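Dumped model-v6.cif below, it's mmCIF, C-alpha atoms and all ligand atoms:
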```cif
data_data
#
loop_
_atom_site.label_atom_id
_atom_site.label_comp_id
_atom_site.auth_asym_id
_atom_site.auth_seq_id
_atom_site.Cartn_x
_atom_site.Cartn_y
_atom_site.Cartn_z
CA MET A 1 -11.25 -7.70 -36.82
CA SER A 2 -8.30 -8.25 -34.52
CA MET A 3 -8.32 -10.93 -31.84
CA LYS A 4 -10.08 -10.17 -28.57
CA LYS A 5 -7.52 -9.25 -25.92
CA PHE A 6 -7.88 -9.98 -22.25
CA LEU A 7 -6.14 -7.45 -20.03
CA PHE A 8 -4.82 -9.22 -16.94
CA THR A 9 -3.48 -5.90 -15.69
CA PRO A 10 -4.30 -3.32 -13.01
CA GLY A 11 -5.82 -0.96 -15.56
CA PRO A 12 -6.89 -0.04 -18.08
CA LEU A 13 -8.89 -3.22 -17.83
CA THR A 14 -11.03 -5.44 -19.98
CA THR A 15 -14.44 -3.74 -20.23
CA SER A 16 -17.81 -5.04 -21.37
CA ARG A 17 -19.07 -4.41 -24.89
CA THR A 18 -22.04 -2.49 -23.48
CA VAL A 19 -19.70 -0.12 -21.59
CA LYS A 20 -17.86 0.59 -24.85
CA GLU A 21 -21.16 0.96 -26.73
CA ALA A 22 -22.23 3.71 -24.30
CA MET A 23 -19.63 5.86 -26.08
CA LEU A 24 -21.14 5.62 -29.56
CA GLU A 25 -23.19 8.82 -29.51
CA ASP A 26 -21.57 12.25 -29.46
CA MET A 27 -22.47 14.12 -26.33
CA GLY A 28 -22.41 17.86 -25.73
CA SER A 29 -21.04 18.91 -22.37
CA ARG A 30 -24.26 20.84 -21.58
CA ASP A 31 -26.60 18.14 -22.80
CA HIS A 32 -29.25 17.29 -20.20
CA GLU A 33 -28.53 13.59 -20.45
CA PHE A 34 -24.86 14.24 -19.78
CA MET A 35 -25.48 16.59 -16.86
CA ASP A 36 -27.82 14.01 -15.41
CA ALA A 37 -25.15 11.32 -15.81
CA ILE A 38 -22.67 13.45 -13.84
CA LYS A 39 -25.18 13.82 -11.02
CA VAL A 40 -25.94 10.11 -10.91
CA ILE A 41 -22.23 9.23 -10.98
CA ARG A 42 -21.32 11.65 -8.18
CA THR A 43 -24.08 10.30 -5.96
CA GLN A 44 -23.39 6.65 -6.69
CA LEU A 45 -19.68 7.00 -5.93
CA LEU A 46 -20.61 8.09 -2.41
CA THR A 47 -22.96 5.14 -2.06
CA ILE A 48 -20.22 2.70 -3.06
CA GLY A 49 -18.06 4.17 -0.30
CA HIS A 50 -20.93 3.77 2.23
CA VAL A 51 -21.25 7.53 2.67
CA SER A 52 -23.60 10.28 1.42
CA LYS A 53 -24.04 14.04 1.26
CA GLU A 54 -26.20 13.73 4.39
CA LEU A 55 -23.27 12.12 6.20
CA GLY A 56 -21.10 15.05 5.12
CA TYR A 57 -19.19 13.67 2.12
CA GLU A 58 -18.76 15.02 -1.40
CA SER A 59 -17.43 13.49 -4.60
CA VAL A 60 -15.30 15.43 -7.04
CA ILE A 61 -14.45 14.23 -10.54
CA VAL A 62 -11.08 15.29 -11.95
CA GLN A 63 -10.22 14.91 -15.64
CA GLY A 64 -7.13 12.82 -16.45
CA SER A 65 -5.74 9.53 -15.16
CA GLY A 66 -5.72 8.41 -11.54
CA THR A 67 -2.49 10.24 -10.74
CA PHE A 68 -4.17 13.56 -11.63
CA GLY A 69 -6.70 12.91 -8.87
CA VAL A 70 -4.03 12.08 -6.30
CA GLU A 71 -2.06 15.17 -7.26
CA SER A 72 -5.21 17.28 -7.09
CA VAL A 73 -5.77 16.26 -3.46
CA ILE A 74 -2.10 16.38 -2.40
CA SER A 75 -1.53 19.80 -3.98
CA SER A 76 -4.82 21.30 -2.76
CA VAL A 77 -5.43 20.18 0.81
CA VAL A 78 -2.02 20.39 2.50
CA LYS A 79 -1.37 24.00 3.54
CA LYS A 80 1.96 25.75 3.77
CA GLU A 81 2.09 25.41 7.55
CA ASP A 82 0.86 21.77 7.51
CA LYS A 83 3.03 18.68 7.74
CA LEU A 84 2.35 15.68 5.51
CA LEU A 85 3.54 12.17 6.34
CA VAL A 86 3.59 9.81 3.35
CA ILE A 87 3.86 6.13 4.25
CA ALA A 88 5.20 4.10 1.36
CA ASN A 89 5.76 0.42 0.64
CA GLY A 90 5.82 0.44 -3.14
CA ALA A 91 6.02 2.53 -6.29
CA TYR A 92 2.65 4.25 -5.87
CA GLY A 93 3.51 5.48 -2.38
CA GLU A 94 6.81 6.77 -3.81
CA ARG A 95 4.80 8.62 -6.45
CA ILE A 96 2.98 10.58 -3.72
CA ILE A 97 6.34 11.45 -2.13
CA LYS A 98 7.51 12.77 -5.49
CA MET A 99 4.38 14.91 -5.83
CA ALA A 100 4.80 16.34 -2.33
CA LYS A 101 8.38 17.31 -3.19
CA ILE A 102 7.37 18.99 -6.44
CA HIS A 103 4.76 21.02 -4.58
CA GLN A 104 7.33 21.79 -1.86
CA LEU A 105 5.15 20.57 0.99
CA ASN A 106 6.46 20.00 4.51
CA LEU A 107 7.09 16.31 4.01
CA LEU A 108 7.94 13.38 6.24
CA GLU A 109 8.54 9.93 4.79
CA LEU A 110 8.03 6.57 6.45
CA ARG A 111 8.91 3.46 4.48
CA PHE A 112 8.19 -0.23 4.83
CA GLU A 113 9.63 -3.00 2.68
CA GLU A 114 7.77 -3.84 -0.52
CA ASP A 115 6.80 -7.24 0.90
CA GLU A 116 5.59 -5.81 4.18
CA ILE A 117 2.34 -4.04 5.05
CA ILE A 118 2.25 -0.70 6.86
CA SER A 119 2.39 -1.24 10.61
CA PRO A 120 -0.16 0.92 12.47
CA SER A 121 1.87 0.72 15.69
CA VAL A 122 5.11 1.79 14.01
CA THR A 123 3.09 4.60 12.39
CA GLU A 124 1.80 5.65 15.79
CA GLU A 125 5.33 5.67 17.27
CA PHE A 126 6.47 7.76 14.32
CA ILE A 127 3.68 10.27 14.97
CA ARG A 128 4.65 10.51 18.64
CA SER A 129 8.30 11.14 17.87
CA ASN A 130 7.55 13.64 15.08
CA PRO A 131 5.09 16.16 16.51
CA GLY A 132 3.00 18.37 14.26
CA ILE A 133 1.92 15.90 11.56
CA THR A 134 -1.39 17.17 10.13
CA HIS A 135 -1.94 14.79 7.19
CA ILE A 136 -1.11 11.16 6.41
CA ALA A 137 -1.25 9.70 2.92
CA CYS A 138 -0.87 6.04 1.94
CA ILE A 139 -1.98 3.46 -0.61
CA HIS A 140 -4.68 0.89 0.12
CA SER A 141 -4.02 -1.74 -2.57
CA GLU A 142 -0.33 -1.22 -3.41
CA THR A 143 -0.46 -2.27 -7.04
CA THR A 144 3.33 -2.71 -7.15
CA THR A 145 2.89 -6.04 -5.39
CA GLY A 146 -0.81 -6.55 -4.69
CA LEU A 147 -0.67 -6.18 -0.91
CA PHE A 148 -3.49 -4.52 1.05
CA ASN A 149 -2.45 -2.01 3.68
CA PRO A 150 -4.60 -2.02 6.86
CA ILE A 151 -6.41 1.28 6.25
CA GLU A 152 -8.98 0.81 8.98
CA GLU A 153 -6.25 0.51 11.65
CA ILE A 154 -4.19 3.36 10.16
CA GLY A 155 -7.39 5.44 10.05
CA ALA A 156 -7.95 4.76 13.75
CA VAL A 157 -4.42 6.01 14.51
CA CYS A 158 -5.14 9.16 12.45
CA LYS A 159 -8.37 9.72 14.33
CA ALA A 160 -6.68 9.34 17.73
CA HIS A 161 -4.17 12.03 16.76
CA GLY A 162 -6.53 14.37 14.88
CA ILE A 163 -4.74 13.75 11.58
CA ILE A 164 -6.35 14.10 8.13
CA PHE A 165 -6.23 10.76 6.30
CA ILE A 166 -5.71 10.56 2.52
CA VAL A 167 -6.02 7.13 0.90
CA ASP A 168 -5.13 6.18 -2.67
CA ALA A 169 -7.60 3.33 -3.18
CA MET A 170 -7.13 3.51 -6.91
CA SER A 171 -6.92 -0.19 -7.65
CA SER A 172 -9.33 -1.40 -4.95
CA PHE A 173 -12.36 0.92 -4.77
CA GLY A 174 -15.34 -0.91 -6.27
CA GLY A 175 -13.61 -4.29 -5.94
CA VAL A 176 -13.28 -4.26 -2.15
CA GLU A 177 -15.85 -3.08 0.37
CA ILE A 178 -14.51 0.15 1.86
CA ASP A 179 -16.54 2.04 4.46
CA ILE A 180 -15.00 5.50 4.16
CA LYS A 181 -16.45 6.82 7.41
CA LYS A 182 -15.58 3.73 9.41
CA CYS A 183 -12.00 3.89 8.12
CA ASN A 184 -11.90 7.57 9.10
CA ILE A 185 -10.83 8.53 5.56
CA ASP A 186 -11.02 12.24 4.73
CA PHE A 187 -9.99 11.94 1.08
CA LEU A 188 -10.22 8.71 -0.93
CA LEU A 189 -9.08 8.45 -4.53
CA SER A 190 -9.81 6.12 -7.39
CA SER A 191 -10.34 6.31 -11.13
CA SER A 192 -12.68 5.37 -13.96
CA ASN A 193 -10.66 2.48 -15.35
CA LYS A 194 -10.08 0.25 -12.35
CA CYS A 195 -12.56 -1.90 -10.40
CA ILE A 196 -15.67 -0.03 -11.53
CA GLU A 197 -14.68 -1.24 -15.01
CA GLY A 198 -15.10 1.94 -17.03
CA VAL A 199 -12.69 3.29 -19.61
CA PRO A 200 -9.83 5.73 -18.81
CA GLY A 201 -10.60 9.45 -18.66
CA PHE A 202 -10.95 10.66 -15.10
CA ALA A 203 -10.14 10.25 -11.43
CA PHE A 204 -12.46 10.94 -8.54
CA ALA A 205 -12.05 11.97 -4.94
CA ILE A 206 -14.51 11.23 -2.17
CA CYS A 207 -14.01 13.95 0.39
CA LYS A 208 -15.15 14.86 3.86
CA LYS A 209 -16.93 18.13 3.11
CA THR A 210 -15.60 20.08 6.10
CA GLU A 211 -12.02 19.25 5.08
CA LEU A 212 -12.68 19.95 1.40
CA GLU A 213 -14.02 23.39 2.33
CA LYS A 214 -10.87 24.18 4.30
CA SER A 215 -8.84 23.80 1.09
CA LYS A 216 -10.49 26.81 -0.55
CA GLY A 217 -7.85 29.10 -2.04
CA ASN A 218 -5.03 26.67 -1.24
CA GLY A 219 -4.67 24.97 -4.66
CA ARG A 220 -1.18 25.07 -6.13
CA SER A 221 -2.41 24.43 -9.67
CA LEU A 222 -5.26 25.88 -11.70
CA SER A 223 -6.46 22.72 -13.43
CA LEU A 224 -5.98 20.46 -10.38
CA ASP A 225 -7.52 22.77 -7.78
CA LEU A 226 -9.78 20.33 -5.92
CA TYR A 227 -11.97 22.94 -4.23
CA ASP A 228 -12.54 24.94 -7.41
CA GLN A 229 -13.33 21.76 -9.31
CA TRP A 230 -15.92 20.84 -6.69
CA ALA A 231 -17.33 24.38 -6.50
CA GLY A 232 -17.73 24.37 -10.30
CA LEU A 233 -19.59 21.06 -10.27
CA GLU A 234 -21.81 22.24 -7.42
CA ALA A 235 -22.57 25.63 -8.98
CA ASN A 236 -23.96 24.47 -12.32
CA GLY A 237 -23.35 20.73 -12.56
CA GLN A 238 -20.61 21.31 -15.11
CA PHE A 239 -16.88 20.91 -15.37
CA ARG A 240 -14.64 23.97 -15.44
CA PHE A 241 -12.77 22.64 -18.48
CA THR A 242 -13.65 20.11 -21.22
CA PRO A 243 -14.96 16.96 -19.54
CA PRO A 244 -14.22 13.42 -20.80
CA THR A 245 -17.84 13.19 -21.99
CA LEU A 246 -17.82 9.71 -23.49
CA SER A 247 -15.72 8.24 -20.71
CA LEU A 248 -18.36 9.52 -18.26
CA MET A 249 -21.17 7.99 -20.33
CA ALA A 250 -19.29 4.68 -20.30
CA PHE A 251 -18.84 5.00 -16.55
CA ARG A 252 -22.55 5.53 -15.97
CA GLN A 253 -23.14 2.27 -17.85
CA ALA A 254 -20.35 0.57 -15.85
CA LEU A 255 -22.10 1.62 -12.61
CA ARG A 256 -25.36 0.08 -13.85
CA GLU A 257 -23.49 -3.12 -14.58
CA LEU A 258 -21.89 -3.09 -11.14
CA ASP A 259 -25.39 -2.88 -9.65
CA ALA A 260 -26.66 -5.63 -11.94
CA GLU A 261 -23.79 -7.88 -10.85
CA GLY A 262 -24.91 -7.47 -7.25
CA GLY A 263 -22.80 -4.49 -6.17
CA VAL A 264 -19.31 -4.41 -4.68
CA LYS A 265 -19.86 -7.58 -2.61
CA ALA A 266 -20.60 -9.68 -5.69
CA ARG A 267 -17.75 -8.13 -7.65
CA GLU A 268 -15.35 -8.73 -4.78
CA LEU A 269 -16.40 -12.37 -4.76
CA ARG A 270 -15.81 -12.73 -8.52
CA TYR A 271 -12.34 -11.18 -8.21
CA LYS A 272 -11.52 -13.42 -5.24
CA THR A 273 -12.64 -16.46 -7.20
CA ASN A 274 -10.39 -15.36 -10.08
CA LYS A 275 -7.47 -15.00 -7.71
CA GLN A 276 -7.97 -18.39 -6.05
CA LEU A 277 -8.10 -20.08 -9.43
CA LEU A 278 -5.04 -18.20 -10.65
CA ASP A 279 -3.02 -18.97 -7.50
CA LYS A 280 -3.86 -22.66 -7.63
CA GLY A 281 -3.10 -22.92 -11.34
CA MET A 282 0.18 -21.01 -11.11
CA GLU A 283 1.27 -23.07 -8.11
CA ALA A 284 0.52 -26.25 -10.05
CA LEU A 285 2.78 -24.94 -12.85
CA GLY A 286 5.52 -24.35 -10.27
CA PHE A 287 5.41 -20.55 -10.01
CA GLN A 288 6.09 -18.86 -6.68
CA GLN A 289 4.41 -15.75 -5.38
CA TYR A 290 6.37 -12.75 -4.17
CA LEU A 291 4.13 -11.96 -1.18
CA LYS A 292 3.18 -14.05 1.83
CA PRO A 293 -0.45 -15.14 1.42
CA GLU A 294 -1.68 -13.35 4.57
CA ILE A 295 -0.90 -9.85 3.26
CA GLN A 296 -2.12 -10.37 -0.30
CA GLY A 297 -5.13 -8.61 -1.71
CA HIS A 298 -7.27 -10.09 -4.47
CA ILE A 299 -6.66 -7.33 -7.06
CA ILE A 300 -3.33 -8.32 -8.55
CA SER A 301 -0.79 -11.11 -7.90
CA SER A 302 3.02 -10.93 -8.23
CA PHE A 303 4.90 -14.02 -9.40
CA LEU A 304 8.67 -14.44 -9.21
CA TYR A 305 10.55 -15.13 -12.43
CA PRO A 306 11.38 -18.85 -12.72
CA SER A 307 14.99 -19.56 -11.78
CA ASP A 308 15.63 -21.16 -15.20
CA PRO A 309 18.16 -18.83 -16.89
CA GLY A 310 16.34 -19.56 -20.17
CA PHE A 311 13.32 -17.58 -18.95
CA ASN A 312 12.98 -14.37 -20.92
CA PHE A 313 10.12 -12.14 -19.79
CA GLU A 314 9.85 -10.27 -23.12
CA GLN A 315 9.44 -13.54 -24.97
CA PHE A 316 6.97 -14.86 -22.38
CA TYR A 317 4.94 -11.65 -22.61
CA LYS A 318 4.95 -11.66 -26.40
CA LYS A 319 3.84 -15.27 -26.71
CA LEU A 320 1.01 -14.71 -24.23
CA ASN A 321 0.06 -11.58 -26.13
CA ASP A 322 -0.11 -13.66 -29.33
CA ARG A 323 -2.68 -15.78 -27.49
CA GLY A 324 -4.73 -12.70 -26.54
CA CYS A 325 -3.52 -12.48 -22.93
CA ILE A 326 -1.91 -9.26 -21.74
CA ILE A 327 -0.03 -9.62 -18.46
CA TYR A 328 1.89 -6.92 -16.58
CA PRO A 329 5.62 -6.52 -15.97
CA GLY A 330 6.99 -6.15 -12.44
CA LYS A 331 7.79 -2.85 -10.74
CA LEU A 332 9.75 -4.12 -7.74
CA SER A 333 12.94 -2.34 -6.82
CA LYS A 334 15.00 -5.43 -5.89
CA THR A 335 13.31 -8.55 -7.28
CA ASN A 336 12.30 -9.76 -10.72
CA ALA A 337 8.62 -10.55 -10.87
CA PHE A 338 5.66 -10.16 -13.19
CA ARG A 339 2.08 -9.37 -12.29
CA ILE A 340 -1.31 -10.77 -13.24
CA GLY A 341 -4.45 -8.76 -12.54
CA ASN A 342 -7.62 -10.47 -11.38
CA ILE A 343 -9.89 -7.50 -12.09
CA GLY A 344 -11.98 -6.12 -14.96
CA GLN A 345 -14.42 -8.11 -17.10
CA ILE A 346 -12.47 -11.26 -16.32
CA PHE A 347 -14.29 -14.43 -15.33
CA PRO A 348 -13.05 -17.80 -14.06
CA GLU A 349 -13.12 -19.27 -17.60
CA ASP A 350 -10.77 -16.47 -18.73
CA ILE A 351 -8.34 -17.33 -15.93
CA THR A 352 -8.44 -20.95 -17.05
CA TYR A 353 -7.74 -19.80 -20.60
CA LEU A 354 -4.75 -17.76 -19.37
CA LEU A 355 -3.38 -20.66 -17.31
CA ASN A 356 -3.55 -22.91 -20.38
CA ALA A 357 -1.78 -20.27 -22.45
CA ILE A 358 0.98 -19.97 -19.82
CA LYS A 359 1.37 -23.75 -19.76
CA GLN A 360 1.69 -23.86 -23.55
CA VAL A 361 4.26 -21.05 -23.62
CA ILE A 362 6.52 -22.54 -20.94
CA GLN A 363 6.37 -25.92 -22.67
CA GLU A 364 7.14 -24.37 -26.05
CA GLU A 365 10.06 -22.43 -24.57
CA GLY A 366 11.27 -25.42 -22.57
CA ILE A 367 11.32 -23.43 -19.31
CA LYS A 368 11.86 -25.41 -16.12
CA ILE A 369 10.16 -23.96 -13.07
C1 LIG A 401 -3.45 2.80 -11.20
C2 LIG A 401 -2.97 3.40 -9.96
C3 LIG A 401 -2.74 4.78 -9.86
C4 LIG A 401 -2.97 5.75 -10.99
O1 LIG A 401 -2.29 5.48 -12.12
P1 LIG A 401 -2.62 6.27 -13.47
O2 LIG A 401 -1.69 5.64 -14.45
O3 LIG A 401 -2.37 7.70 -13.25
O4 LIG A 401 -4.07 6.02 -13.77
C5 LIG A 401 -2.39 5.30 -8.64
N1 LIG A 401 -2.24 4.51 -7.56
C6 LIG A 401 -2.44 3.18 -7.62
C7 LIG A 401 -2.28 2.38 -6.37
C8 LIG A 401 -2.80 2.58 -8.82
O5 LIG A 401 -3.01 1.26 -8.87
#
```
Would you mind giving the structure from this file in structure tokens?
Ligand SMILES: *Cc1c(COP(=O)(O)O)cnc(C)c1O
Amino acid sequence: MSMKKFLFTPGPLTTSRTVKEAMLEDMGSRDHEFMDAIKVIRTQLLTIGHVSKELGYESVIVQGSGTFGVESVISSVVKKEDKLLVIANGAYGERIIKMAKIHQLNLLELRFEEDEIISPSVTEEFIRSNPGITHIACIHSETTTGLFNPIEEIGAVCKAHGIIFIVDAMSSFGGVEIDIKKCNIDFLLSSSNKCIEGVPGFAFAICKKTELEKSKGNGRSLSLDLYDQWAGLEANGQFRFTPPTLSLMAFRQALRELDAEGGVKARELRYKTNKQLLDKGMEALGFQQYLKPEIQGHIISSFLYPSDPGFNFEQFYKKLNDRGCIIYPGKLSKTNAFRIGNIGQIFPEDITYLLNAIKQVIQEEGIKI
């Protein structure tokens, strides 16, 4: 058997053996056990977001990767006469802008630097000077760098102006406590292979029901029509098109394991512990972080390339890979950095193992930091 790999990435992530084992039995898409799993998953997703059907929220599962879920919401809920403001400070915000252009939405763009969080007051000024904005979309944990945007404050601005709020919380939901109602979020997105620690296969949207209902007949795509997908699930508990059956079975197991760990609070604490250990260890090795500490989240960390001209990222990556550690390249537009994820089935001893591997590789390569 090949060596066990640890994925220090933002997803897909390292998963538990028991999550993978939940995929060993073939499952028909109309099997009672499967239909029951869908029900349990849809309910539990609401619970994780501190909402419920009674509070007026619905969860919709969309086949595909996380981007499919974001595109499902963006292409379904913004009407022809609406005006969408996308606030971006990284590659994932830019991805939403690209989607909005492809679907030819009325689009406004507001950008912040990649090492800067979204300013709620600048956002508010922008809204005042650009009347008619009906929707705002932004990223919570901008995985490009690892910063956390202040969604509660941005949500308050949206509420004050009667604006629908769409949040891509792909890399944070399940690893950070998010109260969807308190943050005034109308549509929140995440996927199976991030902090809930399932395997890839689907995205999900947690939606304010009244807003979801307004999107009926507005979908710009057949397969990504959010309302129709929801209506299908509500009508007979089934997907309109082939569901990722085994990925859903793995996810049901991943949710049980999240509960067993102590829920989102306990998971958040484990990830934060990972990050603290990683930061301390990397600092001791001489590495510098890209972001100021006060705007960093605990999902993923960005480290600047060492100034030593002998540093070669490909070589660094390969040698860490040979030691079973998969790190993540950078995605910054102006700076060279690499990223290390703190999430998934990663525990403090795995971070220590990674730090030792990094130390060995820089010594072997003779890199001065
Ligand atoms: C992972 C991620 C996505 C989705 O990426 P996919 O490759 O489509 O799964 C979207 N937004 C953010 C912030 C992410 O971290």
Residue neighbourhood Asn149 of chain A, 7 Å, all atoms listed in the file, exclusion window fewer than 6 positions, as a compact mmCIF listing (two decimals) with C-alpha atoms, in the frame of the given file:
```txt
# COMPACT_ATOMS: atom_id res chain seq x y z
CA ILE A 117 2.34 -4.04 5.05
CA ILE A 118 2.25 -0.70 6.86
CA ILE A 139 -1.98 3.46 -0.61
CA HIS A 140 -4.68 0.89 0.12
CA SER A 141 -4.02 -1.74 -2.57
```
*Work out how far atom CA of Ser190 of chain A is from atom CA of Gly262 of chain A, in Å to one decimal.*
20.3 Å
Kindly compute an axis-aligned box around the listed atoms of segment 33-44 of chain A, allowing 5 Å on each side, and express its centre and edge lengths in Å to one decimal as JSON.
```
{"center_x": -24.9, "center_y": 11.6, "center_z": -13.2, "size_x": 17.2, "size_y": 19.9, "size_z": 24.5}
```
*Identify which of the residues A:His161, A:Lys331, A:Lys292, A:Arg240 lies closest to Asn184 of chain A, counting only C-alpha atoms when measuring atom-to-atom distances.*
A:His161
*Out of A:Glu125, A:Glu152, A:Asp168, A:Asp36, which residue has the shortest atom-to-atom distance to ligand LIG 401 (chain A) when counting only C-alpha atoms and all ligand atoms?*
A:Asp168
*Nearest to Glu294 of chain A: which of A:Ile74, A:Gly146, A:Arg128, A:Gly66 is it, counting all atoms listed in the file?*
A:Gly146
*Could you pull out the residues sitting within 9 Å of ligand LIG 401 (chain A), using only C-alpha atoms and all ligand atoms, and write them as number ranges by chain?*
A: 10-12, 64-70, 90-93, 95-96, 139-144, 168-172, 189-194, 200-203
*Give me, please, the distance in Å between atom CA of Met35 of chain A and atom CA of Ser223 of chain A, quoted to one decimal.*
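These atoms are spaced 20.3 Å apart.
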_I'd like the interatomic distance between atom CA of Ile327 of chain A and atom CA of Gly341 of chain A, to a tenth of an Å._
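Between atom CA of Ile327 of chain A and atom CA of Gly341 of chain A the gap works out to 7.4 Å.
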Skip Lys79 of chain A itself and residues of its chain fewer than 3 positions away, then list as a short mmCIF file (atom, residue, chain, number, x, y, z; two decimals) with C-alpha atoms, keeping the file's coordinate frame all residues within 10 Å of it, counting all atoms listed in the file.
```
data_model
loop_
_atom_site.label_atom_id
_atom_site.label_comp_id
_atom_site.auth_asym_id
_atom_site.auth_seq_id
_atom_site.Cartn_x
_atom_site.Cartn_y
_atom_site.Cartn_z
CA ILE A 74 -2.10 16.38 -2.40
CA SER A 75 -1.53 19.80 -3.98
CA SER A 76 -4.82 21.30 -2.76
CA ASP A 82 0.86 21.77 7.51
CA LYS A 83 3.03 18.68 7.74
CA LEU A 84 2.35 15.68 5.51
CA LEU A 105 5.15 20.57 0.99
CA ASN A 106 6.46 20.00 4.51
CA THR A 134 -1.39 17.17 10.13
CA HIS A 135 -1.94 14.79 7.19
CA LYS A 214 -10.87 24.18 4.30
CA SER A 215 -8.84 23.80 1.09
CA GLY A 217 -7.85 29.10 -2.04
CA ASN A 218 -5.03 26.67 -1.24
CA GLY A 219 -4.67 24.97 -4.66
CA ARG A 220 -1.18 25.07 -6.13
#
```
*asked:* With distances taken over only C-alpha atoms, which residue among A:Ala137, A:Glu33, A:Ala88, A:Ile351 lies nearest Gln276 of chain A?
replied: A:Ile351
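Checking A:Pro329, A:Gly232, A:Gly237, A:Gly344 one by one against Asn274 of chain A, counting all atoms listed in the file, you find the shortest gap at A:Gly344.
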*Counting only C-alpha atoms, which of A:Lys80, A:Arg252, A:Lys368, A:Lys280 gets nearest to Glu21 of chain A?*
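Comparing A:Lys80, A:Arg252, A:Lys368, A:Lys280 against Glu21 of chain A, the winner is A:Arg252.
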_Near-Glu211 of chain A list (9 Å; only C-alpha atoms; drop same-chain fewer than 6 positions) as a PyMOL selection string_ = chain A and resi 77+164+186-187
*Dig up all the protein and nucleic acid residues within 9 Å of (-16.8, 8.9, -19.9) in the file frame, using all atoms listed in the file, and format them as a PyMOL selection string.*
chain A and resi 22-23+192+198-202+243-252
At a cut-off of 6 Å, can you tabulate as JSON lines every residue of segment 55-153 of chain A near segment 295-318 of chain A together with its closest atom pair and the distance in Å to one decimal, using only C-alpha atoms and ordering rows by chain then number?
```
{"residue": "A:Thr145", "atom": "CA", "partner": "A:Ser302", "partner_atom": "CA", "distance": 5.7}
{"residue": "A:Gly146", "atom": "CA", "partner": "A:Ile300", "partner_atom": "CA", "distance": 4.9}
{"residue": "A:Leu147", "atom": "CA", "partner": "A:Gln296", "partner_atom": "CA", "distance": 4.5}
{"residue": "A:Phe148", "atom": "CA", "partner": "A:Gly297", "partner_atom": "CA", "distance": 5.2}
```
*Near Lys319 of chain A, counting only C-alpha atoms, which residues have an atom at most 9 Å away, once you skip same-chain residues fewer than 6 positions from it, shown as a list of chain:residue names?*
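Here the answer would be A:Cys325, A:Ala357, A:Ile358, A:Val361.
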Who sits within 12 Å of segment 52-54 of chain A, all atoms listed in the file, same chain under 5 positions skipped, as a PDB file with C-alpha atoms, in the frame of the given file:
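Done, and the output landed in out.pdb:
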```pdb
ATOM      1  CA  ARG A  42     -21.320  11.650  -8.180  1.00  0.00           C
ATOM      2  CA  THR A  43     -24.080  10.300  -5.960  1.00  0.00           C
ATOM      3  CA  GLN A  44     -23.390   6.650  -6.690  1.00  0.00           C
ATOM      4  CA  LEU A  45     -19.680   7.000  -5.930  1.00  0.00           C
ATOM      5  CA  LEU A  46     -20.610   8.090  -2.410  1.00  0.00           C
ATOM      6  CA  THR A  47     -22.960   5.140  -2.060  1.00  0.00           C
ATOM      7  CA  SER A  59     -17.430  13.490  -4.600  1.00  0.00           C
ATOM      8  CA  ASP A 179     -16.540   2.040   4.460  1.00  0.00           C
ATOM      9  CA  ILE A 180     -15.000   5.500   4.160  1.00  0.00           C
ATOM     10  CA  LYS A 181     -16.450   6.820   7.410  1.00  0.00           C
ATOM     11  CA  ILE A 206     -14.510  11.230  -2.170  1.00  0.00           C
ATOM     12  CA  CYS A 207     -14.010  13.950   0.390  1.00  0.00           C
ATOM     13  CA  LYS A 208     -15.150  14.860   3.860  1.00  0.00           C
ATOM     14  CA  LYS A 209     -16.930  18.130   3.110  1.00  0.00           C
ATOM     15  CA  THR A 210     -15.600  20.080   6.100  1.00  0.00           C
TER      16      THR A 210
END
```
